[in-house]
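Source file work.pdb; content: PDB, N, CA and C atoms.
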ATOM      1  N   MET A 162       0.820  -6.667  -9.014
ATOM      2  CA  MET A 162       1.993  -7.312  -9.574
ATOM      3  C   MET A 162       2.697  -8.083  -8.475
ATOM      4  N   PHE A 163       2.977  -9.333  -8.687
ATOM      5  CA  PHE A 163       3.651 -10.173  -7.706
ATOM      6  C   PHE A 163       5.143 -10.131  -7.953
ATOM      7  N   VAL A 164       5.911  -9.928  -6.908
ATOM      8  CA  VAL A 164       7.362  -9.880  -7.023
ATOM      9  C   VAL A 164       7.906 -11.272  -6.766
ATOM     10  N   GLN A 165       8.668 -11.794  -7.709
ATOM     11  CA  GLN A 165       9.208 -13.134  -7.558
ATOM     12  C   GLN A 165      10.381 -13.138  -6.602
ATOM     13  N   TRP A 166      10.501 -14.206  -5.840
ATOM     14  CA  TRP A 166      11.602 -14.377  -4.899
ATOM     15  C   TRP A 166      12.778 -14.998  -5.610
ATOM     16  N   ARG A 167      13.960 -14.609  -5.206
ATOM     17  CA  ARG A 167      15.176 -15.174  -5.780
ATOM     18  C   ARG A 167      15.413 -16.569  -5.230
ATOM     19  N   GLN A 168      16.193 -17.331  -5.947
ATOM     20  CA  GLN A 168      16.591 -18.650  -5.480
ATOM     21  C   GLN A 168      17.529 -18.505  -4.295
ATOM     22  N   LYS A 169      17.578 -19.506  -3.429
ATOM     23  CA  LYS A 169      18.463 -19.455  -2.263
ATOM     24  C   LYS A 169      19.926 -19.350  -2.652
ATOM     25  N   SER A 170      20.263 -19.679  -3.888
ATOM     26  CA  SER A 170      21.662 -19.615  -4.298
ATOM     27  C   SER A 170      22.118 -18.192  -4.598
ATOM     28  N   ASP A 171      21.180 -17.240  -4.709
ATOM     29  CA  ASP A 171      21.544 -15.853  -4.970
ATOM     30  C   ASP A 171      22.064 -15.203  -3.698
ATOM     31  N   HIS A 172      23.170 -14.508  -3.806
ATOM     32  CA  HIS A 172      23.781 -13.833  -2.661
ATOM     33  C   HIS A 172      23.990 -12.370  -3.000
ATOM     34  N   ASP A 173      23.943 -11.534  -1.983
ATOM     35  CA  ASP A 173      24.271 -10.132  -2.217
ATOM     36  C   ASP A 173      25.774  -9.940  -2.029
ATOM     37  N   GLU A 174      26.220  -8.694  -2.120
ATOM     38  CA  GLU A 174      27.650  -8.411  -2.064
ATOM     39  C   GLU A 174      28.267  -8.727  -0.704
ATOM     40  N   ARG A 175      27.459  -8.847   0.344
ATOM     41  CA  ARG A 175      27.977  -9.192   1.676
ATOM     42  C   ARG A 175      28.046 -10.701   1.880
ATOM     43  N   GLY A 176      27.570 -11.476   0.899
ATOM     44  CA  GLY A 176      27.619 -12.922   1.007
ATOM     45  C   GLY A 176      26.434 -13.532   1.732
ATOM     46  N   THR A 177      25.417 -12.709   2.055
ATOM     47  CA  THR A 177      24.241 -13.257   2.722
ATOM     48  C   THR A 177      23.225 -13.698   1.680
ATOM     49  N   ILE A 178      22.406 -14.651   2.054
ATOM     50  CA  ILE A 178      21.400 -15.167   1.133
ATOM     51  C   ILE A 178      20.293 -14.136   0.964
ATOM     52  N   MET A 179      19.945 -13.865  -0.281
ATOM     53  CA  MET A 179      18.868 -12.930  -0.581
ATOM     54  C   MET A 179      17.553 -13.700  -0.603
ATOM     55  N   THR A 180      16.518 -13.144   0.000
ATOM     56  CA  THR A 180      15.227 -13.805   0.053
ATOM     57  C   THR A 180      14.193 -13.134  -0.845
ATOM     58  N   GLY A 181      14.593 -12.184  -1.650
ATOM     59  CA  GLY A 181      13.668 -11.512  -2.545
ATOM     60  C   GLY A 181      14.343 -10.367  -3.258
ATOM     61  N   VAL A 182      13.565  -9.663  -4.046
ATOM     62  CA  VAL A 182      14.072  -8.500  -4.763
ATOM     63  C   VAL A 182      14.476  -7.447  -3.734
ATOM     64  N   ASP A 183      15.604  -6.796  -3.965
ATOM     65  CA  ASP A 183      16.033  -5.725  -3.061
ATOM     66  C   ASP A 183      14.896  -4.723  -2.911
ATOM     67  N   PRO A 184      14.516  -4.401  -1.687
ATOM     68  CA  PRO A 184      13.401  -3.476  -1.486
ATOM     69  C   PRO A 184      13.584  -2.126  -2.171
ATOM     70  N   ASP A 185      14.825  -1.650  -2.300
ATOM     71  CA  ASP A 185      15.026  -0.347  -2.947
ATOM     72  C   ASP A 185      14.763  -0.396  -4.447
ATOM     73  N   ARG A 186      14.606  -1.586  -4.999
ATOM     74  CA  ARG A 186      14.276  -1.731  -6.422
ATOM     75  C   ARG A 186      12.775  -1.809  -6.655
ATOM     76  N   LEU A 187      11.980  -1.906  -5.586
ATOM     77  CA  LEU A 187      10.525  -1.975  -5.696
ATOM     78  C   LEU A 187       9.945  -0.568  -5.783
ATOM     79  N   ASP A 188       8.904  -0.402  -6.593
ATOM     80  CA  ASP A 188       8.224   0.897  -6.560
ATOM     81  C   ASP A 188       7.332   0.914  -5.316
ATOM     82  N   ASP A 189       6.742   2.049  -5.009
ATOM     83  CA  ASP A 189       5.967   2.192  -3.768
ATOM     84  C   ASP A 189       4.827   1.181  -3.681
ATOM     85  N   GLN A 190       4.131   0.949  -4.783
ATOM     86  CA  GLN A 190       3.011   0.011  -4.773
ATOM     87  C   GLN A 190       3.500  -1.422  -4.529
ATOM     88  N   GLN A 191       4.584  -1.809  -5.159
ATOM     89  CA  GLN A 191       5.142  -3.143  -4.950
ATOM     90  C   GLN A 191       5.617  -3.317  -3.513
ATOM     91  N   LEU A 192       6.249  -2.277  -2.965
ATOM     92  CA  LEU A 192       6.728  -2.341  -1.590
ATOM     93  C   LEU A 192       5.562  -2.549  -0.624
ATOM     94  N   MET A 193       4.478  -1.804  -0.801
ATOM     95  CA  MET A 193       3.313  -1.956   0.072
ATOM     96  C   MET A 193       2.714  -3.349  -0.051
ATOM     97  N   LYS A 194       2.657  -3.889  -1.259
ATOM     98  CA  LYS A 194       2.117  -5.239  -1.455
ATOM     99  C   LYS A 194       2.991  -6.270  -0.750
ATOM    100  N   GLU A 195       4.305  -6.118  -0.861
ATOM    101  CA  GLU A 195       5.224  -7.028  -0.177
ATOM    102  C   GLU A 195       5.054  -6.924   1.341
ATOM    103  N   LEU A 196       4.926  -5.711   1.867
ATOM    104  CA  LEU A 196       4.717  -5.522   3.301
ATOM    105  C   LEU A 196       3.404  -6.154   3.761
ATOM    106  N   GLU A 197       2.343  -5.951   2.997
ATOM    107  CA  GLU A 197       1.053  -6.547   3.352
ATOM    108  C   GLU A 197       1.156  -8.069   3.375
ATOM    109  N   THR A 198       1.828  -8.635   2.403
ATOM    110  CA  THR A 198       1.966 -10.095   2.331
ATOM    111  C   THR A 198       2.779 -10.630   3.493
ATOM    112  N   ILE A 199       3.903 -10.009   3.789
ATOM    113  CA  ILE A 199       4.756 -10.537   4.859
ATOM    114  C   ILE A 199       4.094 -10.386   6.220
ATOM    115  N   HIS A 200       3.352  -9.312   6.429
ATOM    116  CA  HIS A 200       2.646  -9.175   7.701
ATOM    117  C   HIS A 200       1.501 -10.176   7.803
ATOM    118  N   ARG A 201       0.846 -10.472   6.709
ATOM    119  CA  ARG A 201      -0.253 -11.446   6.703
ATOM    120  C   ARG A 201       0.257 -12.853   7.021
ATOM    121  N   THR A 202       1.457 -13.193   6.568
ATOM    122  CA  THR A 202       1.988 -14.545   6.760
ATOM    123  C   THR A 202       2.809 -14.693   8.040
ATOM    124  N   ARG A 203       3.002 -13.613   8.779
ATOM    125  CA  ARG A 203       3.863 -13.629   9.958
ATOM    126  C   ARG A 203       3.441 -14.650  11.013
ATOM    127  N   HIS A 204       2.183 -14.660  11.375
ATOM    128  CA  HIS A 204       1.703 -15.523  12.451
ATOM    129  C   HIS A 204       1.929 -17.005  12.123
ATOM    130  N   ASP A 205       1.552 -17.400  10.927
ATOM    131  CA  ASP A 205       1.743 -18.805  10.535
ATOM    132  C   ASP A 205       3.218 -19.183  10.493
ATOM    133  N   THR A 206       4.058 -18.271  10.048
ATOM    134  CA  THR A 206       5.493 -18.555  10.009
ATOM    135  C   THR A 206       6.034 -18.732  11.426
ATOM    136  N   LEU A 207       5.596 -17.881  12.332
ATOM    137  CA  LEU A 207       6.034 -17.993  13.725
ATOM    138  C   LEU A 207       5.583 -19.317  14.337
ATOM    139  N   LEU A 208       4.340 -19.676  14.119
ATOM    140  CA  LEU A 208       3.795 -20.880  14.745
ATOM    141  C   LEU A 208       4.253 -22.174  14.083
ATOM    142  N   TYR A 209       4.366 -22.190  12.759
ATOM    143  CA  TYR A 209       4.545 -23.449  12.049
ATOM    144  C   TYR A 209       5.785 -23.536  11.176
ATOM    145  N   GLY A 210       6.511 -22.442  11.007
ATOM    146  CA  GLY A 210       7.675 -22.452  10.136
ATOM    147  C   GLY A 210       8.898 -23.038  10.825
ATOM    148  N   SER A 211       9.811 -23.529  10.011
ATOM    149  CA  SER A 211      11.084 -24.012  10.548
ATOM    150  C   SER A 211      11.883 -22.820  11.061
ATOM    151  N   ASN A 212      12.944 -23.104  11.799
ATOM    152  CA  ASN A 212      13.811 -22.021  12.267
ATOM    153  C   ASN A 212      14.396 -21.247  11.100
ATOM    154  N   ASP A 213      14.761 -21.941  10.023
ATOM    155  CA  ASP A 213      15.293 -21.258   8.837
ATOM    156  C   ASP A 213      14.235 -20.365   8.204
ATOM    157  N   ALA A 214      12.998 -20.857   8.136
ATOM    158  CA  ALA A 214      11.914 -20.060   7.556
ATOM    159  C   ALA A 214      11.658 -18.814   8.396
ATOM    160  N   LEU A 215      11.676 -18.972   9.713
ATOM    161  CA  LEU A 215      11.451 -17.828  10.585
ATOM    162  C   LEU A 215      12.589 -16.820  10.478
ATOM    163  N   ARG A 216      13.809 -17.308  10.394
ATOM    164  CA  ARG A 216      14.969 -16.417  10.234
ATOM    165  C   ARG A 216      14.863 -15.633   8.921
ATOM    166  N   ALA A 217      14.527 -16.330   7.836
ATOM    167  CA  ALA A 217      14.376 -15.660   6.536
ATOM    168  C   ALA A 217      13.237 -14.644   6.583
ATOM    169  N   HIS A 218      12.147 -15.008   7.250
ATOM    170  CA  HIS A 218      11.003 -14.107   7.373
ATOM    171  C   HIS A 218      11.402 -12.851   8.146
ATOM    172  N   ASN A 219      12.130 -13.031   9.253
ATOM    173  CA  ASN A 219      12.605 -11.887  10.044
ATOM    174  C   ASN A 219      13.480 -10.965   9.212
ATOM    175  N   GLU A 220      14.416 -11.542   8.478
ATOM    176  CA  GLU A 220      15.335 -10.744   7.666
ATOM    177  C   GLU A 220      14.591  -9.976   6.585
ATOM    178  N   ARG A 221      13.671 -10.669   5.904
ATOM    179  CA  ARG A 221      12.922 -10.018   4.826
ATOM    180  C   ARG A 221      12.026  -8.915   5.377
ATOM    181  N   MET A 222      11.375  -9.179   6.505
ATOM    182  CA  MET A 222      10.511  -8.166   7.101
ATOM    183  C   MET A 222      11.328  -6.932   7.477
ATOM    184  N   ALA A 223      12.498  -7.135   8.056
ATOM    185  CA  ALA A 223      13.359  -6.013   8.428
ATOM    186  C   ALA A 223      13.791  -5.224   7.192
ATOM    187  N   GLN A 224      14.106  -5.910   6.108
ATOM    188  CA  GLN A 224      14.490  -5.225   4.864
ATOM    189  C   GLN A 224      13.349  -4.358   4.351
ATOM    190  N   LEU A 225      12.157  -4.951   4.264
ATOM    191  CA  LEU A 225      11.000  -4.240   3.719
ATOM    192  C   LEU A 225      10.587  -3.073   4.610
ATOM    193  N   GLU A 226      10.524  -3.311   5.921
ATOM    194  CA  GLU A 226      10.135  -2.243   6.838
ATOM    195  C   GLU A 226      11.181  -1.130   6.856
ATOM    196  N   GLY A 227      12.450  -1.494   6.789
ATOM    197  CA  GLY A 227      13.506  -0.492   6.741
ATOM    198  C   GLY A 227      13.394   0.391   5.512
ATOM    199  N   GLU A 228      13.083  -0.221   4.376
ATOM    200  CA  GLU A 228      12.917   0.559   3.146
ATOM    201  C   GLU A 228      11.698   1.471   3.244
ATOM    202  N   TYR A 229      10.607   0.975   3.820
ATOM    203  CA  TYR A 229       9.417   1.802   3.988
ATOM    204  C   TYR A 229       9.738   3.021   4.862
ATOM    205  N   LEU A 230      10.432   2.796   5.965
ATOM    206  CA  LEU A 230      10.783   3.899   6.868
ATOM    207  C   LEU A 230      11.745   4.876   6.201
ATOM    208  N   ARG A 231      12.660   4.366   5.390
ATOM    209  CA  ARG A 231      13.588   5.242   4.665
ATOM    210  C   ARG A 231      12.829   6.165   3.720
ATOM    211  N   ARG A 232      11.817   5.611   3.043
ATOM    212  CA  ARG A 232      11.039   6.404   2.084
ATOM    213  C   ARG A 232      10.036   7.326   2.759
ATOM    214  N   ASN A 233       9.644   7.004   3.975
ATOM    215  CA  ASN A 233       8.586   7.750   4.659
ATOM    216  C   ASN A 233       9.039   8.210   6.040
ATOM    217  N   PRO A 234      10.077   9.033   6.107
ATOM    218  CA  PRO A 234      10.588   9.443   7.420
ATOM    219  C   PRO A 234       9.605  10.300   8.216
ATOM    220  N   ARG A 235       8.655  10.917   7.546
ATOM    221  CA  ARG A 235       7.680  11.770   8.229
ATOM    222  C   ARG A 235       6.282  11.171   8.164
ATOM    223  N   ARG A 236       6.221   9.848   8.223
ATOM    224  CA  ARG A 236       4.917   9.187   8.146
ATOM    225  C   ARG A 236       4.052   9.633   9.321
ATOM    226  N   PRO A 237       2.726   9.646   9.143
ATOM    227  CA  PRO A 237       1.857  10.074  10.247
ATOM    228  C   PRO A 237       1.913   9.058  11.388
ATOM    229  N   VAL A 238       1.985   9.561  12.601
ATOM    230  CA  VAL A 238       1.997   8.707  13.783
ATOM    231  C   VAL A 238       0.740   9.022  14.589
ATOM    232  N   VAL A 239      -0.063   8.010  14.852
ATOM    233  CA  VAL A 239      -1.281   8.161  15.639
ATOM    234  C   VAL A 239      -0.891   8.238  17.107
ATOM    235  N   ALA A 240      -1.416   9.234  17.807
ATOM    236  CA  ALA A 240      -1.038   9.463  19.210
ATOM    237  C   ALA A 240      -1.237   8.212  20.066
ATOM    238  N   GLY A 241      -2.261   7.432  19.801
ATOM    239  CA  GLY A 241      -2.533   6.228  20.577
ATOM    240  C   GLY A 241      -1.504   5.128  20.389
ATOM    241  N   ARG A 242      -0.634   5.274  19.376
ATOM    242  CA  ARG A 242       0.406   4.278  19.127
ATOM    243  C   ARG A 242       1.736   4.668  19.753
ATOM    244  N   THR A 243       1.734   5.688  20.593
ATOM    245  CA  THR A 243       2.938   6.095  21.316
ATOM    246  C   THR A 243       2.813   5.619  22.761
ATOM    247  N   ARG A 244       3.901   5.636  23.499
ATOM    248  CA  ARG A 244       3.840   5.238  24.914
ATOM    249  C   ARG A 244       2.903   6.143  25.692
ATOM    250  N   GLU A 245       3.030   7.441  25.447
ATOM    251  CA  GLU A 245       2.187   8.385  26.167
ATOM    252  C   GLU A 245       0.711   8.157  25.840
ATOM    253  N   GLY A 246       0.412   7.946  24.578
ATOM    254  CA  GLY A 246      -0.968   7.692  24.180
ATOM    255  C   GLY A 246      -1.507   6.406  24.769
ATOM    256  N   ALA A 247      -0.668   5.383  24.861
ATOM    257  CA  ALA A 247      -1.091   4.118  25.446
ATOM    258  C   ALA A 247      -1.393   4.300  26.932
ATOM    259  N   ARG A 248      -0.578   5.086  27.611
ATOM    260  CA  ARG A 248      -0.825   5.339  29.041
ATOM    261  C   ARG A 248      -2.143   6.082  29.235
ATOM    262  N   GLU A 249      -2.422   7.044  28.353
ATOM    263  CA  GLU A 249      -3.647   7.829  28.466
ATOM    264  C   GLU A 249      -4.897   6.991  28.251
ATOM    265  N   ARG A 250      -4.830   6.050  27.332
ATOM    266  CA  ARG A 250      -6.026   5.249  27.067
ATOM    267  C   ARG A 250      -6.150   4.076  28.026
ATOM    268  N   GLY A 251      -5.075   3.718  28.724
ATOM    269  CA  GLY A 251      -5.103   2.591  29.652
ATOM    270  C   GLY A 251      -5.155   1.285  28.881
ATOM    271  N   CYS A 252      -5.359   0.212  29.554
ATOM    272  CA  CYS A 252      -5.405  -1.110  28.912
ATOM    273  C   CYS A 252      -6.735  -1.293  28.193
ATOM    274  N   GLY A 253      -6.672  -1.894  27.021
ATOM    275  CA  GLY A 253      -7.882  -2.281  26.307
ATOM    276  C   GLY A 253      -8.491  -1.233  25.390
ATOM    277  N   GLY A 254      -7.966  -0.026  25.376
ATOM    278  CA  GLY A 254      -8.521   1.002  24.507
ATOM    279  C   GLY A 254      -8.015   0.870  23.095
ATOM    280  N   ALA A 255      -8.754   1.430  22.150
ATOM    281  CA  ALA A 255      -8.341   1.386  20.742
ATOM    282  C   ALA A 255      -7.163   2.333  20.521
ATOM    283  N   ALA A 256      -6.199   1.870  19.734
ATOM    284  CA  ALA A 256      -5.025   2.689  19.451
ATOM    285  C   ALA A 256      -5.209   3.538  18.211
ATOM    286  N   VAL A 257      -6.194   3.198  17.396
ATOM    287  CA  VAL A 257      -6.444   3.918  16.155
ATOM    288  C   VAL A 257      -7.806   4.590  16.264
ATOM    289  N   PRO A 258      -7.890   5.871  15.936
ATOM    290  CA  PRO A 258      -9.174   6.569  16.027
ATOM    291  C   PRO A 258     -10.272   5.853  15.241
ATOM    292  N   GLY A 259     -11.440   5.737  15.834
ATOM    293  CA  GLY A 259     -12.562   5.132  15.136
ATOM    294  C   GLY A 259     -12.592   3.618  15.212
ATOM    295  N   VAL A 260     -11.648   3.026  15.906
ATOM    296  CA  VAL A 260     -11.614   1.552  16.014
ATOM    297  C   VAL A 260     -12.046   1.134  17.382
TER     298      VAL A 260
END
Starting from the coordinates I provided, produce the structure as structure tokens.
Amino acid sequence: MFVQWRQKSDHDERGTIMTGVDPDRLDDQQLMKELETIHRTRHDTLLYGSNDALRAHNERMAQLEGEYLRRNPRRPVVAGRTREGARERGCGGAAVPGV
């Protein structure tokens, strides 16, 4: 299911421009799809997007990631993705088991 983005004229109660459906209104599957999409488009937005596009992308990514972390406070953390794990593997090692 694709989540439609709001028009730039839509504002939240703080007066900031909304760039999509409030993440807390998305079910878990919709939230993951939105996260996958925004992470997939990140590189192109950084390289080729306008400053406004990059700002909107940053804000939306922070909203989505914040909601994911709120819902998953005890998410599994791979040891290789910590500072200590990175030091143990040195430069160039895989951070995810089996990769």
Atom N of Asp185 in chain A and atom N of Leu208 in chain A are how many Å apart?
-> 26.5 Å
What is the distance, in Å and to one decimal place, between CA of Thr243 in chain A and CA of Met222 in chain A?
->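 Value for the CA of Thr243 in chain A-CA of Met222 in chain A distance: 21.5 Å.
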Can you tell me how far atom N of Ile199 in chain A sits from CA of Glu245 in chain A, in Å to one decimal?
-> 29.0 Å
Residues at most 12 Å from Arg232 in chain A, counting only C-alpha atoms, excluding those fewer than 6 positions away in the same chain, as a ChimeraX atom specification?
-> /A:184-185,187-189,192-193,225-226
Quick one: pick out all alpha helix (DSSP H) residues within range 222-251 of chain A from a backbone DSSP run and write them as a compact mmCIF listing (two decimals) with N, CA and C atoms, keeping the file's coordinate frame.
# COMPACT_ATOMS: atom_id res chain seq x y z
N MET A 222 11.38 -9.18 6.50
CA MET A 222 10.51 -8.17 7.10
C MET A 222 11.33 -6.93 7.48
N ALA A 223 12.50 -7.14 8.06
CA ALA A 223 13.36 -6.01 8.43
C ALA A 223 13.79 -5.22 7.19
N GLN A 224 14.11 -5.91 6.11
CA GLN A 224 14.49 -5.22 4.86
C GLN A 224 13.35 -4.36 4.35
N LEU A 225 12.16 -4.95 4.26
CA LEU A 225 11.00 -4.24 3.72
C LEU A 225 10.59 -3.07 4.61
N GLU A 226 10.52 -3.31 5.92
CA GLU A 226 10.14 -2.24 6.84
C GLU A 226 11.18 -1.13 6.86
N GLY A 227 12.45 -1.49 6.79
CA GLY A 227 13.51 -0.49 6.74
C GLY A 227 13.39 0.39 5.51
N GLU A 228 13.08 -0.22 4.38
CA GLU A 228 12.92 0.56 3.15
C GLU A 228 11.70 1.47 3.24
N TYR A 229 10.61 0.98 3.82
CA TYR A 229 9.42 1.80 3.99
C TYR A 229 9.74 3.02 4.86
N LEU A 230 10.43 2.80 5.96
CA LEU A 230 10.78 3.90 6.87
C LEU A 230 11.74 4.88 6.20
N ARG A 231 12.66 4.37 5.39
CA ARG A 231 13.59 5.24 4.66
C ARG A 231 12.83 6.16 3.72
N ARG A 232 11.82 5.61 3.04
CA ARG A 232 11.04 6.40 2.08
C ARG A 232 10.04 7.33 2.76
N ARG A 244 3.90 5.64 23.50
CA ARG A 244 3.84 5.24 24.91
C ARG A 244 2.90 6.14 25.69
N GLU A 245 3.03 7.44 25.45
CA GLU A 245 2.19 8.38 26.17
C GLU A 245 0.71 8.16 25.84
N GLY A 246 0.41 7.95 24.58
CA GLY A 246 -0.97 7.69 24.18
C GLY A 246 -1.51 6.41 24.77
N ALA A 247 -0.67 5.38 24.86
CA ALA A 247 -1.09 4.12 25.45
C ALA A 247 -1.39 4.30 26.93
N ARG A 248 -0.58 5.09 27.61
CA ARG A 248 -0.82 5.34 29.04
C ARG A 248 -2.14 6.08 29.24
N GLU A 249 -2.42 7.04 28.35
CA GLU A 249 -3.65 7.83 28.47
C GLU A 249 -4.90 6.99 28.25
N ARG A 250 -4.83 6.05 27.33
CA ARG A 250 -6.03 5.25 27.07
C ARG A 250 -6.15 4.08 28.03
Pick from A:Pro237, A:Thr206, A:Arg248, A:Leu230: nearest to His218 in chain A, with only N, CA and C atoms counted?
-> A:Thr206
Would you compute the box with edges along x, y and z of the file around range 193-200 of chain A, including every atom the file lists for it and 4 Å extra on each side, and give its centre and edge lengths in Å to one decimal, as lines of an AutoDock Vina configuration file?
center_x = 3.1
center_y = -6.2
center_z = 3.2
size_x = 12.2
size_y = 16.8
size_z = 17.3
